[in-house]
$ cat query_9.txt   # compact mmCIF, C-alpha atoms and all ligand atoms
# COMPACT_ATOMS: atom_id res chain seq x y z
CA MET A 179 5.17 29.00 -6.62
CA ASN A 180 2.06 28.54 -8.73
CA THR A 181 1.88 30.69 -11.83
CA GLY A 182 -0.56 30.79 -14.70
CA SER A 183 -3.80 28.97 -15.20
CA ILE A 184 -3.57 26.24 -12.58
CA ALA A 185 -6.45 26.25 -10.12
CA SER A 186 -5.35 27.03 -6.59
CA LEU A 187 -7.24 25.18 -3.85
CA ASP A 188 -7.38 25.79 -0.13
CA ILE A 189 -7.30 22.04 0.62
CA ASP A 190 -4.88 20.19 2.89
CA PRO A 191 -5.24 16.49 2.02
CA PHE A 192 -3.39 15.58 5.23
CA ASP A 193 -5.85 17.27 7.55
CA GLU A 194 -7.86 14.93 9.70
CA ALA A 195 -11.22 15.43 8.05
CA PHE A 196 -9.70 14.64 4.66
CA LEU A 197 -7.79 11.59 5.91
CA ALA A 198 -10.85 10.22 7.68
CA ASP A 199 -12.93 10.28 4.49
CA PRO A 200 -10.75 10.97 1.46
CA TYR A 201 -13.42 9.89 -1.02
CA ALA A 202 -15.66 12.77 0.03
CA HIS A 203 -12.95 15.20 -1.13
CA HIS A 204 -11.50 13.63 -4.27
CA ALA A 205 -14.16 14.86 -6.70
CA ALA A 206 -13.37 18.49 -5.83
CA LEU A 207 -9.70 17.85 -6.60
CA ARG A 208 -10.44 16.06 -9.88
CA ASP A 209 -13.01 18.57 -11.05
CA ALA A 210 -10.77 21.58 -10.40
CA GLY A 211 -8.47 20.56 -13.26
CA PRO A 212 -5.90 18.07 -14.51
CA VAL A 213 -3.29 19.74 -12.29
CA VAL A 214 -4.08 21.79 -9.19
CA TRP A 215 -2.09 23.80 -6.69
CA LEU A 216 -2.68 23.01 -3.03
CA GLU A 217 -2.16 26.32 -1.28
CA PRO A 218 -1.79 25.07 2.34
CA LEU A 219 1.06 22.72 1.36
CA GLY A 220 2.58 24.66 -1.54
CA VAL A 221 2.58 21.64 -3.85
CA TYR A 222 1.05 20.65 -7.15
CA ALA A 223 -1.35 17.73 -7.24
CA MET A 224 -3.03 15.44 -9.77
CA ALA A 225 -6.12 13.43 -8.93
CA ARG A 226 -7.41 12.28 -12.35
CA PHE A 227 -6.54 8.84 -13.68
CA ASP A 228 -4.85 9.90 -16.94
CA GLU A 229 -2.52 12.44 -15.33
CA VAL A 230 -1.65 10.21 -12.37
CA GLN A 231 -0.85 7.30 -14.67
CA SER A 232 1.19 9.40 -17.03
CA ALA A 233 3.22 11.00 -14.22
CA LEU A 234 3.94 7.53 -12.82
CA ARG A 235 5.02 6.37 -16.27
CA ASN A 236 7.26 9.38 -16.79
CA HIS A 237 9.82 8.64 -14.08
CA GLU A 238 12.53 10.77 -15.70
CA THR A 239 10.51 13.95 -15.24
CA PHE A 240 8.66 12.87 -12.10
CA CYS A 241 11.54 11.43 -10.13
CA SER A 242 11.61 9.48 -6.87
CA SER A 243 15.17 10.10 -5.67
CA ARG A 244 14.18 13.43 -4.11
CA GLY A 245 11.70 11.54 -1.93
CA VAL A 246 8.15 10.30 -2.49
CA GLY A 247 6.84 12.27 0.46
CA LEU A 248 6.44 16.00 1.04
CA ALA A 249 10.11 16.49 1.93
CA ASP A 250 12.48 17.27 -0.96
CA PHE A 251 15.64 15.28 -0.20
CA SER A 252 17.71 17.79 -2.16
CA LYS A 253 16.80 20.42 0.45
CA GLU A 254 15.85 18.52 3.59
CA GLU A 255 17.39 15.72 5.57
CA PRO A 256 15.45 12.50 4.83
CA PHE A 257 13.47 11.01 7.72
CA ARG A 258 15.60 7.84 7.42
CA PRO A 259 18.38 6.84 4.99
CA PRO A 260 16.56 6.65 1.63
CA SER A 261 15.24 3.34 0.31
CA LEU A 262 17.33 1.96 -2.57
CA LEU A 263 14.07 1.10 -4.31
CA LEU A 264 11.23 3.45 -3.44
CA GLU A 265 13.38 6.57 -3.15
CA ALA A 266 15.76 5.88 -6.03
CA ASP A 267 15.85 6.54 -9.78
CA PRO A 268 17.53 4.48 -12.48
CA PRO A 269 20.18 3.18 -12.66
CA LEU A 270 20.34 2.57 -8.87
CA HIS A 271 16.64 1.71 -8.69
CA ASP A 272 16.84 -0.82 -11.52
CA ARG A 273 19.82 -2.62 -10.01
CA THR A 274 18.06 -2.93 -6.65
CA ARG A 275 14.84 -4.00 -8.30
CA SER A 276 16.45 -6.77 -10.31
CA ILE A 277 18.18 -8.19 -7.22
CA MET A 278 14.85 -8.19 -5.38
CA ASN A 279 12.83 -9.48 -8.36
CA ARG A 280 14.93 -12.65 -8.41
CA ILE A 281 13.83 -13.31 -4.83
CA VAL A 282 10.17 -12.24 -5.09
CA SER A 283 9.46 -14.70 -7.88
CA LEU A 284 6.47 -16.62 -9.17
CA LYS A 285 8.39 -19.80 -8.42
CA ALA A 286 8.92 -18.81 -4.78
CA LEU A 287 5.21 -18.02 -4.38
CA LYS A 288 4.11 -21.30 -5.97
CA GLN A 289 6.06 -23.10 -3.27
CA LEU A 290 4.50 -21.02 -0.50
CA ARG A 291 0.93 -21.29 -1.71
CA PRO A 292 -0.16 -24.67 -0.25
CA ALA A 293 0.99 -23.80 3.29
CA TRP A 294 -0.52 -20.32 3.09
CA GLN A 295 -3.81 -21.73 1.84
CA ALA A 296 -3.97 -24.16 4.77
CA LYS A 297 -3.31 -21.26 7.17
CA ALA A 298 -5.96 -19.05 5.57
CA ASP A 299 -8.53 -21.86 5.71
CA ALA A 300 -7.71 -22.66 9.34
CA LEU A 301 -7.87 -19.01 10.38
CA ILE A 302 -11.28 -18.49 8.77
CA ALA A 303 -12.55 -21.76 10.29
CA LYS A 304 -11.51 -20.53 13.75
CA LEU A 305 -13.13 -17.13 13.25
CA VAL A 306 -16.38 -18.49 11.84
CA SER A 307 -16.70 -20.75 14.85
CA LYS A 308 -16.38 -17.65 17.04
CA GLY A 309 -19.13 -15.91 15.08
CA GLN A 310 -18.40 -12.34 16.17
CA PHE A 311 -14.95 -10.78 16.14
CA ASP A 312 -12.94 -7.68 15.23
CA ALA A 313 -11.67 -8.36 11.73
CA VAL A 314 -8.75 -5.92 12.08
CA PRO A 315 -6.65 -7.64 14.77
CA GLU A 316 -8.12 -11.10 14.31
CA LEU A 317 -8.12 -11.39 10.52
CA SER A 318 -6.51 -8.63 8.51
CA GLU A 319 -3.52 -8.27 10.86
CA ALA A 320 -3.43 -11.89 11.95
CA PHE A 321 -3.09 -13.46 8.51
CA PRO A 322 -0.12 -11.47 7.15
CA MET A 323 1.58 -11.86 10.53
CA MET A 324 1.15 -15.66 10.25
CA ILE A 325 3.05 -15.84 6.98
CA PHE A 326 5.09 -12.75 6.13
CA PRO A 327 7.68 -12.71 8.95
CA ASP A 328 8.40 -16.43 8.38
CA MET A 329 8.84 -15.87 4.65
CA ILE A 330 11.42 -13.15 5.33
CA GLY A 331 13.05 -15.29 8.02
CA LEU A 332 12.68 -12.75 10.81
CA ALA A 333 13.63 -13.43 14.39
CA ASP A 334 10.69 -14.66 16.47
CA GLU A 335 11.19 -11.97 19.09
CA GLY A 336 9.62 -8.55 18.49
CA ARG A 337 7.60 -9.16 15.33
CA GLU A 338 4.75 -7.10 16.77
CA HIS A 339 6.86 -3.99 16.01
CA LEU A 340 6.25 -4.43 12.27
CA ILE A 341 2.89 -2.65 12.20
CA ASP A 342 4.15 0.21 14.38
CA TYR A 343 7.13 0.59 12.06
CA ALA A 344 4.88 0.81 9.02
CA THR A 345 2.76 3.45 10.76
CA ILE A 346 5.86 5.58 11.27
CA VAL A 347 7.20 5.11 7.73
CA PHE A 348 3.89 5.86 6.00
CA ASN A 349 3.14 8.86 8.25
CA ALA A 350 6.56 10.24 7.38
CA PHE A 351 5.60 10.77 3.72
CA GLY A 352 3.22 13.51 4.86
CA PRO A 353 3.78 16.71 6.84
CA ARG A 354 4.82 16.76 10.49
CA ASN A 355 1.19 17.23 11.54
CA ARG A 356 -0.74 15.88 14.50
CA VAL A 357 -1.40 12.57 12.75
CA PHE A 358 2.37 12.13 12.44
CA GLU A 359 3.14 13.21 16.01
CA GLU A 360 0.32 11.36 17.78
CA GLY A 361 0.31 8.35 15.48
CA ASN A 362 4.01 7.75 16.02
CA ALA A 363 4.15 8.53 19.74
CA GLY A 364 5.36 5.60 21.80
CA LYS A 365 6.32 3.59 18.71
CA GLU A 366 10.00 4.63 18.60
CA ALA A 367 11.19 1.20 19.73
CA ALA A 368 9.97 -0.20 16.42
CA ILE A 369 12.71 1.72 14.56
CA ASP A 370 15.49 0.15 16.62
CA TRP A 371 13.92 -3.30 16.37
CA VAL A 372 13.68 -3.10 12.57
CA ALA A 373 17.33 -2.01 12.30
CA TRP A 374 18.24 -5.00 14.48
CA ALA A 375 16.00 -7.43 12.60
CA CYS A 376 17.58 -6.46 9.25
CA GLU A 377 21.08 -7.50 10.37
CA ARG A 378 22.42 -10.69 8.85
CA GLN A 379 23.01 -12.48 12.14
CA ASN A 380 19.36 -11.97 13.13
CA LEU A 381 17.86 -13.46 9.97
CA LYS A 382 17.03 -17.14 9.58
CA ARG A 383 18.52 -19.24 6.83
CA GLY A 384 16.23 -19.94 3.87
CA GLY A 385 14.25 -16.68 4.13
CA TRP A 386 14.02 -13.75 1.72
CA GLY A 387 16.09 -11.59 4.08
CA MET A 388 19.06 -13.95 4.05
CA ALA A 389 18.66 -14.33 0.26
CA LEU A 390 19.58 -10.64 -0.01
CA TYR A 391 22.78 -11.14 2.00
CA GLU A 392 23.56 -14.09 -0.27
CA ALA A 393 23.20 -11.74 -3.24
CA ALA A 394 25.77 -9.54 -1.49
CA ASP A 395 28.07 -12.59 -1.11
CA ARG A 396 27.88 -13.01 -4.89
CA GLY A 397 28.95 -9.40 -5.35
CA GLU A 398 25.56 -8.14 -6.57
CA CYS A 399 25.47 -5.45 -3.84
CA THR A 400 27.20 -4.61 -0.57
CA PRO A 401 26.09 -6.13 2.76
CA GLU A 402 24.92 -2.65 3.85
CA GLU A 403 22.72 -2.44 0.76
CA ALA A 404 21.35 -5.92 1.45
CA GLY A 405 20.30 -4.72 4.90
CA LYS A 406 18.47 -1.76 3.38
CA MET A 407 16.63 -4.05 1.00
CA VAL A 408 15.50 -6.19 3.93
CA ARG A 409 14.22 -2.92 5.42
CA SER A 410 12.18 -2.35 2.24
CA PHE A 411 10.48 -5.74 2.70
CA LEU A 412 9.63 -4.85 6.28
CA SER A 413 8.46 -1.32 5.47
CA ALA A 414 6.21 -2.14 2.56
CA GLY A 415 5.09 -5.70 3.17
CA VAL A 416 2.87 -5.68 6.24
CA ASP A 417 0.53 -2.73 6.80
CA THR A 418 -0.23 -2.57 3.07
CA THR A 419 -1.56 -6.13 2.90
CA VAL A 420 -3.13 -5.82 6.35
CA ASN A 421 -5.32 -2.99 5.13
CA GLY A 422 -5.80 -4.49 1.69
CA ILE A 423 -7.37 -7.53 3.35
CA GLY A 424 -9.26 -5.31 5.79
CA HIS A 425 -10.77 -3.27 2.96
CA MET A 426 -11.82 -6.42 1.12
CA VAL A 427 -13.62 -7.71 4.22
CA LEU A 428 -15.25 -4.31 4.74
CA ALA A 429 -16.30 -4.15 1.08
CA LEU A 430 -17.78 -7.66 1.15
CA ALA A 431 -19.53 -7.03 4.47
CA SER A 432 -21.12 -3.84 3.19
CA HIS A 433 -22.05 -5.34 -0.23
CA PRO A 434 -23.82 -8.65 0.54
CA GLU A 435 -24.83 -9.11 -3.11
CA GLU A 436 -21.15 -8.99 -4.13
CA PHE A 437 -20.28 -11.54 -1.47
CA GLN A 438 -22.99 -13.82 -2.86
CA LYS A 439 -21.39 -13.55 -6.32
CA LEU A 440 -18.13 -14.68 -4.74
CA ARG A 441 -19.84 -17.58 -2.96
CA GLU A 442 -21.34 -18.70 -6.24
CA ASN A 443 -18.00 -18.54 -8.01
CA HIS A 444 -14.91 -18.93 -5.84
CA LYS A 445 -12.72 -18.09 -8.81
CA LEU A 446 -13.78 -14.47 -8.33
CA ALA A 447 -11.65 -14.26 -5.16
CA SER A 448 -8.65 -12.64 -6.85
CA ARG A 449 -10.95 -10.21 -8.66
CA ALA A 450 -12.69 -9.33 -5.42
CA PHE A 451 -9.35 -8.45 -3.87
CA GLU A 452 -8.29 -6.43 -6.91
CA GLU A 453 -11.57 -4.52 -7.02
CA SER A 454 -11.35 -3.79 -3.30
CA LEU A 455 -7.92 -2.29 -3.95
CA ARG A 456 -9.36 -0.05 -6.63
CA TRP A 457 -12.38 0.85 -4.54
CA ASP A 458 -10.43 1.59 -1.37
CA SER A 459 -6.74 1.87 -2.15
CA THR A 460 -4.56 1.27 0.87
CA VAL A 461 -1.75 3.52 -0.37
CA GLN A 462 -3.72 6.69 -1.03
CA THR A 463 -0.97 8.99 -2.28
CA PHE A 464 2.66 9.31 -3.19
CA PHE A 465 4.63 12.38 -4.21
CA ARG A 466 7.08 12.80 -7.04
CA THR A 467 9.51 15.70 -7.64
CA THR A 468 9.97 17.28 -11.06
CA ALA A 469 13.54 16.76 -12.26
CA LYS A 470 13.03 19.35 -15.06
CA ASP A 471 10.54 21.96 -16.19
CA THR A 472 7.53 20.20 -17.62
CA GLU A 473 4.06 20.74 -18.99
CA VAL A 474 0.94 18.82 -18.04
CA ALA A 475 -2.31 19.39 -19.93
CA GLY A 476 -1.08 22.84 -21.03
CA SER A 477 0.12 23.97 -17.59
CA ASN A 478 3.76 24.54 -16.71
CA ILE A 479 5.30 22.89 -13.68
CA PRO A 480 8.81 24.13 -12.91
CA GLU A 481 11.79 21.93 -12.02
CA GLY A 482 12.05 21.07 -8.33
CA SER A 483 8.29 21.01 -7.69
CA LYS A 484 6.69 18.51 -5.39
CA VAL A 485 3.70 16.86 -7.08
CA LEU A 486 1.18 14.89 -5.04
CA LEU A 487 -0.36 11.96 -6.94
CA PHE A 488 -3.74 10.74 -5.68
CA LEU A 489 -3.67 7.05 -6.57
CA ALA A 490 -6.92 6.33 -4.74
CA SER A 491 -8.69 9.17 -6.52
CA ALA A 492 -7.42 8.00 -9.92
CA ASN A 493 -8.94 4.62 -9.08
CA ARG A 494 -12.35 6.28 -8.61
CA ASP A 495 -12.15 8.76 -11.48
CA PRO A 496 -15.45 8.64 -13.41
CA ARG A 497 -13.47 9.76 -16.50
CA LYS A 498 -11.90 6.29 -16.42
CA TRP A 499 -14.31 3.97 -14.60
CA ASP A 500 -18.03 3.27 -15.11
CA ASP A 501 -19.89 3.70 -11.82
CA ALA A 502 -16.53 4.50 -10.27
CA ASP A 503 -17.81 4.58 -6.69
CA GLN A 504 -19.54 1.19 -6.97
CA PHE A 505 -17.80 -1.91 -5.61
CA ARG A 506 -18.40 -4.67 -8.18
CA ILE A 507 -16.24 -7.76 -8.09
CA ASP A 508 -17.05 -8.81 -11.66
CA ARG A 509 -15.97 -5.55 -13.31
CA ASN A 510 -12.82 -5.23 -15.41
CA VAL A 511 -10.47 -3.64 -12.91
CA SER A 512 -7.26 -4.00 -14.91
CA GLY A 513 -5.19 -0.86 -15.11
CA HIS A 514 -5.96 0.40 -11.61
CA VAL A 515 -3.06 2.20 -9.95
CA GLY A 516 -3.49 0.80 -6.43
CA PHE A 517 -0.10 -0.88 -6.87
CA GLY A 518 1.28 2.16 -8.66
CA PHE A 519 2.36 2.07 -12.30
CA GLY A 520 5.61 2.06 -14.25
CA ILE A 521 9.07 1.17 -12.97
CA HIS A 522 8.12 1.52 -9.29
CA GLN A 523 4.98 -0.59 -9.52
CA CYS A 524 4.69 -2.66 -6.35
CA LEU A 525 7.42 -5.28 -6.05
CA GLY A 526 5.30 -7.34 -3.68
CA GLN A 527 2.08 -7.29 -5.70
CA MET A 528 2.15 -11.05 -6.27
CA VAL A 529 2.50 -11.62 -2.54
CA ALA A 530 -0.35 -9.24 -1.77
CA ARG A 531 -2.57 -10.81 -4.44
CA LEU A 532 -1.93 -14.30 -3.15
CA GLU A 533 -2.79 -13.26 0.41
CA GLY A 534 -5.98 -11.53 -0.72
CA GLU A 535 -7.05 -14.36 -2.98
CA LEU A 536 -6.55 -17.00 -0.29
CA ILE A 537 -8.59 -15.05 2.27
CA GLY A 538 -11.31 -14.32 -0.30
CA GLU A 539 -11.46 -17.98 -1.26
CA ALA A 540 -11.55 -19.17 2.34
CA LEU A 541 -14.46 -16.79 3.02
CA ALA A 542 -16.30 -17.98 -0.08
CA LYS A 543 -15.90 -21.62 0.93
CA GLN A 544 -16.72 -21.38 4.61
CA VAL A 545 -18.93 -18.36 5.21
CA SER A 546 -22.55 -17.84 4.18
CA SER A 547 -22.88 -14.22 5.29
CA ILE A 548 -20.74 -11.38 6.62
CA ARG A 549 -22.41 -8.66 8.63
CA LEU A 550 -21.03 -5.50 10.23
CA THR A 551 -21.98 -5.42 13.90
CA GLY A 552 -20.73 -1.89 14.55
CA GLU A 553 -19.21 1.15 12.87
CA PRO A 554 -15.82 0.43 11.32
CA LYS A 555 -13.18 2.70 12.84
CA ARG A 556 -10.36 4.31 10.92
CA ARG A 557 -6.76 4.60 12.08
CA LEU A 558 -5.60 7.88 10.55
CA ASN A 559 -2.33 7.80 8.65
CA ASN A 560 -0.78 10.36 6.30
CA THR A 561 -0.44 7.82 3.47
CA LEU A 562 -2.39 4.67 4.24
CA HIS A 563 -6.16 4.41 4.37
CA ALA A 564 -6.17 2.15 7.38
CA LEU A 565 -8.71 0.44 9.58
CA GLY A 566 -8.52 0.48 13.36
CA SER A 567 -11.42 -1.85 14.01
CA LEU A 568 -13.97 -3.75 11.95
CA PRO A 569 -16.54 -5.57 14.09
CA VAL A 570 -18.18 -8.32 12.08
CA GLU A 571 -20.31 -11.41 12.42
CA MET A 572 -19.79 -14.33 10.07
CA GLU A 573 -22.19 -17.22 9.68
CA VAL A 574 -20.94 -20.66 8.86
CA VAL A 575 -22.04 -22.29 5.58
C1 LIG B 1 10.89 0.94 1.03
C2 LIG B 1 9.41 1.23 1.06
C3 LIG B 1 8.86 1.82 2.15
C4 LIG B 1 7.50 2.10 2.19
C5 LIG B 1 6.70 1.80 1.11
C6 LIG B 1 7.25 1.20 0.03
C7 LIG B 1 5.09 1.02 -1.03
C8 LIG B 1 8.61 0.90 0.00
O1 LIG B 1 11.54 1.06 2.06
O2 LIG B 1 11.42 0.58 0.00
O3 LIG B 1 6.49 0.86 -1.06

$ encode --input "query_9.txt" --output "structure tokens"
Amino acid sequence: MNTGSIASLDIDPFDEAFLADPYAHHAALRDAGPVVWLEPLGVYAMARFDEVQSALRNHETFCSSRGVGLADFSKEEPFRPPSLLLEADPPLHDRTRSIMNRIVSLKALKQLRPAWQAKADALIAKLVSKGQFDAVPELSEAFPMMIFPDMIGLADEGREHLIDYATIVFNAFGPRNRVFEEGNAGKEAAIDWVAWACERQNLKRGGWGMALYEAADRGECTPEEAGKMVRSFLSAGVDTTVNGIGHMVLALASHPEEFQKLRENHKLASRAFEESLRWDSTVQTFFRTTAKDTEVAGSNIPEGSKVLLFLASANRDPRKWDDADQFRIDRNVSGHVGFGFGIHQCLGQMVARLEGELIGEALAKQVSSIRLTGEPKRRLNNTLHALGSLPVEMEVV
């Protein structure tokens, strides 16, 4: 229940008009106050940078173990057995994270880089020679699918289920609305395939999946826990980077002058990816649950409250960013919360950054112009800002 001075808004951020164009609605949320009450959902929300960042930092008060979606795991059955990482607090979270951090290392990525770069360059060369194509299936989905499943060591059979699985998982953080029901319809097989693909006997030797079972062999966790950590890789590692790359291509296509800056200086590729994440954050929102009574900017939030954090809105808050709505690849973008902040900050951020940088660099090297040839289409999801199609034309250098 909302008591006191907190503004109460009749806004459902999971309704289809909001999901289709979240940026049109964020200013109203930010301007209504540092904390607001969303009447249709019965939750608190924060959409300004400072409050979002400080809630993410304060993981003892704003906990994750009661779920980072609308459902409170202390009252409702979780949609799937909770993640040992995303939906855990210390000390469990920290143990999981340190096991996974040893696998997702700078050293591992350095080894992968040359082969990934060759694949990115070859993919862009193929697409540029085509001229016109849909950048969603042919680029932003194609590239992660060329590298990520091999890195994990997944079975060859059934990999196409990965994107359907992510759709289901990210929809499940929101309410059981039409986006959830219709978006997930017909995708149920993906759940069984992922459970199968996470089993030890279905993982290839030398991959990041098997590395987790080897951690279990050393007594760092149980084999069951290793399987759940493989599930985390599969849940969080595909649709996030798919849409991160998609948004970068969309941003560059709709800002030719920014693409020219990138062509003039290929070293801006990683910045271009980072700025596109700020400008159009793939993970739009996550919830936290208050583990105790707390106060934010003079307003009381009682224990057991769901609090919706608008990461994407924080990344466009004019209180924090100059010309917040402008996409500018040479701005200082450090501190954005597109990968979250604090102890849960994206485990795979180095992987995502490498993917984005390599695609940005390949475009800078090989392409002289990127043009939209039709309206980009959105694929509505309760958590992800996702593209369904992005028709483009690229001209060769
Ligand atoms: C996980 C998980 C699932 C979805 C997203 C995510 C963005 C993590 O299973 O740990 O992080």

$ residues_near_ligand --input "query_9.txt" --ligand "ligand LIG 1 (chain B)" --cutoff "6 Å" --atoms "only C-alpha atoms and all ligand atoms" --output "PyMOL selection string"
chain A and resi 261+263-264+409-410+413-414

$ residues_around --input "query_9.txt" --residues "Ala296 (chain A)" --least-positions-apart "2" --cutoff "12 Å" --atoms "all atoms listed in the file" --output "CSV table (one decimal) with C-alpha atoms, keeping the file's coordinate frame"
chain,number,residue,atom,x,y,z
A,290,LEU,CA,4.5,-21.0,-0.5
A,291,ARG,CA,0.9,-21.3,-1.7
A,292,PRO,CA,-0.2,-24.7,-0.2
A,293,ALA,CA,1.0,-23.8,3.3
A,294,TRP,CA,-0.5,-20.3,3.1
A,298,ALA,CA,-6.0,-19.0,5.6
A,299,ASP,CA,-8.5,-21.9,5.7
A,300,ALA,CA,-7.7,-22.7,9.3
A,301,LEU,CA,-7.9,-19.0,10.4
A,302,ILE,CA,-11.3,-18.5,8.8
A,303,ALA,CA,-12.6,-21.8,10.3
A,321,PHE,CA,-3.1,-13.5,8.5
A,324,MET,CA,1.2,-15.7,10.2
A,325,ILE,CA,3.0,-15.8,7.0
A,533,GLU,CA,-2.8,-13.3,0.4
A,536,LEU,CA,-6.6,-17.0,-0.3
A,537,ILE,CA,-8.6,-15.0,2.3
A,539,GLU,CA,-11.5,-18.0,-1.3
A,540,ALA,CA,-11.6,-19.2,2.3

$ closest_residue --input "query_9.txt" --among "A:Pro191, A:Pro200, A:Gly331, A:Pro401" --to "Ala375 (chain A)" --atoms "all atoms listed in the file"
A:Gly331

$ residues_near_point --input "query_9.txt" --point "(6.5, -4.7, 18.1)" --cutoff "12 Å" --atoms "all atoms listed in the file" --output "list in words"
Met323, Ala333, Asp334, Glu335, Gly336, Arg337, Glu338, His339, Leu340, Ile341, Asp342, Tyr343, Ala344, Thr345, Gly364, Lys365, Glu366, Ala367, Ala368, Ile369, Asp370, Trp371, Val372 and Ala375 of chain A

$ closest_residue --input "query_9.txt" --among "A:Arg556, A:Leu197, A:Met528, A:Arg226" --to "Gly211 (chain A)" --atoms "all atoms listed in the file"
A:Arg226

$ atom_distance --input "query_9.txt" --atom1 "CA of Gly513 (chain A)" --atom2 "CA of His563 (chain A)"
20.2 Å

$ closest_residue --input "query_9.txt" --among "A:Ser318, A:Thr551, A:Ser307, A:Gln544" --to "Glu571 (chain A)" --atoms "only C-alpha atoms"
A:Thr551

$ closest_residue --input "query_9.txt" --among "A:Gly538, A:Gly566, A:Gly405, A:Gly526" --to "Ala429 (chain A)" --atoms "only C-alpha atoms"
A:Gly538

$ residues_around --input "query_9.txt" --residues "His237 (chain A)" --least-positions-apart "3" --cutoff "9 Å" --atoms "only C-alpha atoms" --output "list in words"
Ala233, Leu234, Phe240, Cys241, Ser242, Asp267, Pro268, Arg466, Gly520, Ile521 and His522 of chain A

$ closest_residue --input "query_9.txt" --among "A:Glu473, A:Asp272, A:Glu398, A:Asp417" --to "Pro315 (chain A)" --atoms "all atoms listed in the file"
A:Asp417

$ residues_around --input "query_9.txt" --residues "Val485 (chain A)" --least-positions-apart "6" --cutoff "7 Å" --atoms "all atoms listed in the file" --output "list of chain:residue names"
A:Val221, A:Tyr222, A:Ala223, A:Phe465, A:Arg466, A:Thr467

$ closest_residue --input "query_9.txt" --among "A:Cys524, A:Val214, A:Ala195, A:Leu270" --to "Glu403 (chain A)" --atoms "all atoms listed in the file"
A:Leu270

$ atom_distance --input "query_9.txt" --atom1 "CA of Asp508 (chain A)" --atom2 "CA of Pro496 (chain A)"
17.6 Å

$ atom_distance --input "query_9.txt" --atom1 "CA of Trp215 (chain A)" --atom2 "CA of Ser186 (chain A)"
4.6 Å

$ residues_around --input "query_9.txt" --residues "Leu440 (chain A)" --least-positions-apart "2" --cutoff "12 Å" --atoms "only C-alpha atoms" --output "ChimeraX atom specification"
/A:426,430,433-438,442-451,506-508,535,537-547

$ residues_around --input "query_9.txt" --residues "Gly361 (chain A)" --least-positions-apart "6" --cutoff "10 Å" --atoms "only C-alpha atoms" --output "PyMOL selection string"
chain A and resi 342+345-346+349+355+557-560

$ build_atoms --input "query_9.txt" --residues "region 544-553 of chain A" --atoms "N, CA, C and O atoms" --output "mmCIF file, in the frame of the given file"
data_model
loop_
_atom_site.group_PDB
_atom_site.id
_atom_site.type_symbol
_atom_site.label_atom_id
_atom_site.label_comp_id
_atom_site.auth_asym_id
_atom_site.auth_seq_id
_atom_site.Cartn_x
_atom_site.Cartn_y
_atom_site.Cartn_z
ATOM 1 N N GLN A 544 -16.301 -21.031 3.239
ATOM 2 C CA GLN A 544 -16.720 -21.380 4.610
ATOM 3 C C GLN A 544 -17.799 -20.500 5.212
ATOM 4 O O GLN A 544 -18.332 -20.827 6.271
ATOM 5 N N VAL A 545 -18.065 -19.353 4.578
ATOM 6 C CA VAL A 545 -18.930 -18.360 5.210
ATOM 7 C C VAL A 545 -20.170 -18.145 4.338
ATOM 8 O O VAL A 545 -20.057 -18.040 3.117
ATOM 9 N N SER A 546 -21.338 -18.099 4.970
ATOM 10 C CA SER A 546 -22.550 -17.840 4.180
ATOM 11 C C SER A 546 -22.946 -16.374 4.197
ATOM 12 O O SER A 546 -23.577 -15.883 3.267
ATOM 13 N N SER A 547 -22.597 -15.654 5.276
ATOM 14 C CA SER A 547 -22.880 -14.220 5.290
ATOM 15 C C SER A 547 -21.907 -13.483 6.202
ATOM 16 O O SER A 547 -21.427 -14.050 7.195
ATOM 17 N N ILE A 548 -21.608 -12.250 5.819
ATOM 18 C CA ILE A 548 -20.740 -11.380 6.620
ATOM 19 C C ILE A 548 -21.546 -10.139 6.946
ATOM 20 O O ILE A 548 -22.122 -9.515 6.046
ATOM 21 N N ARG A 549 -21.607 -9.800 8.206
ATOM 22 C CA ARG A 549 -22.410 -8.660 8.630
ATOM 23 C C ARG A 549 -21.588 -7.756 9.541
ATOM 24 O O ARG A 549 -20.871 -8.240 10.422
ATOM 25 N N LEU A 550 -21.679 -6.451 9.307
ATOM 26 C CA LEU A 550 -21.030 -5.500 10.230
ATOM 27 C C LEU A 550 -21.871 -5.426 11.496
ATOM 28 O O LEU A 550 -23.086 -5.296 11.424
ATOM 29 N N THR A 551 -21.225 -5.516 12.643
ATOM 30 C CA THR A 551 -21.980 -5.420 13.900
ATOM 31 C C THR A 551 -21.737 -4.101 14.611
ATOM 32 O O THR A 551 -22.222 -3.888 15.728
ATOM 33 N N GLY A 552 -20.975 -3.214 13.983
ATOM 34 C CA GLY A 552 -20.730 -1.890 14.550
ATOM 35 C C GLY A 552 -20.070 -1.033 13.491
ATOM 36 O O GLY A 552 -19.763 -1.531 12.401
ATOM 37 N N GLU A 553 -19.875 0.232 13.811
ATOM 38 C CA GLU A 553 -19.210 1.150 12.870
ATOM 39 C C GLU A 553 -17.737 0.765 12.725
ATOM 40 O O GLU A 553 -17.026 0.657 13.733
#
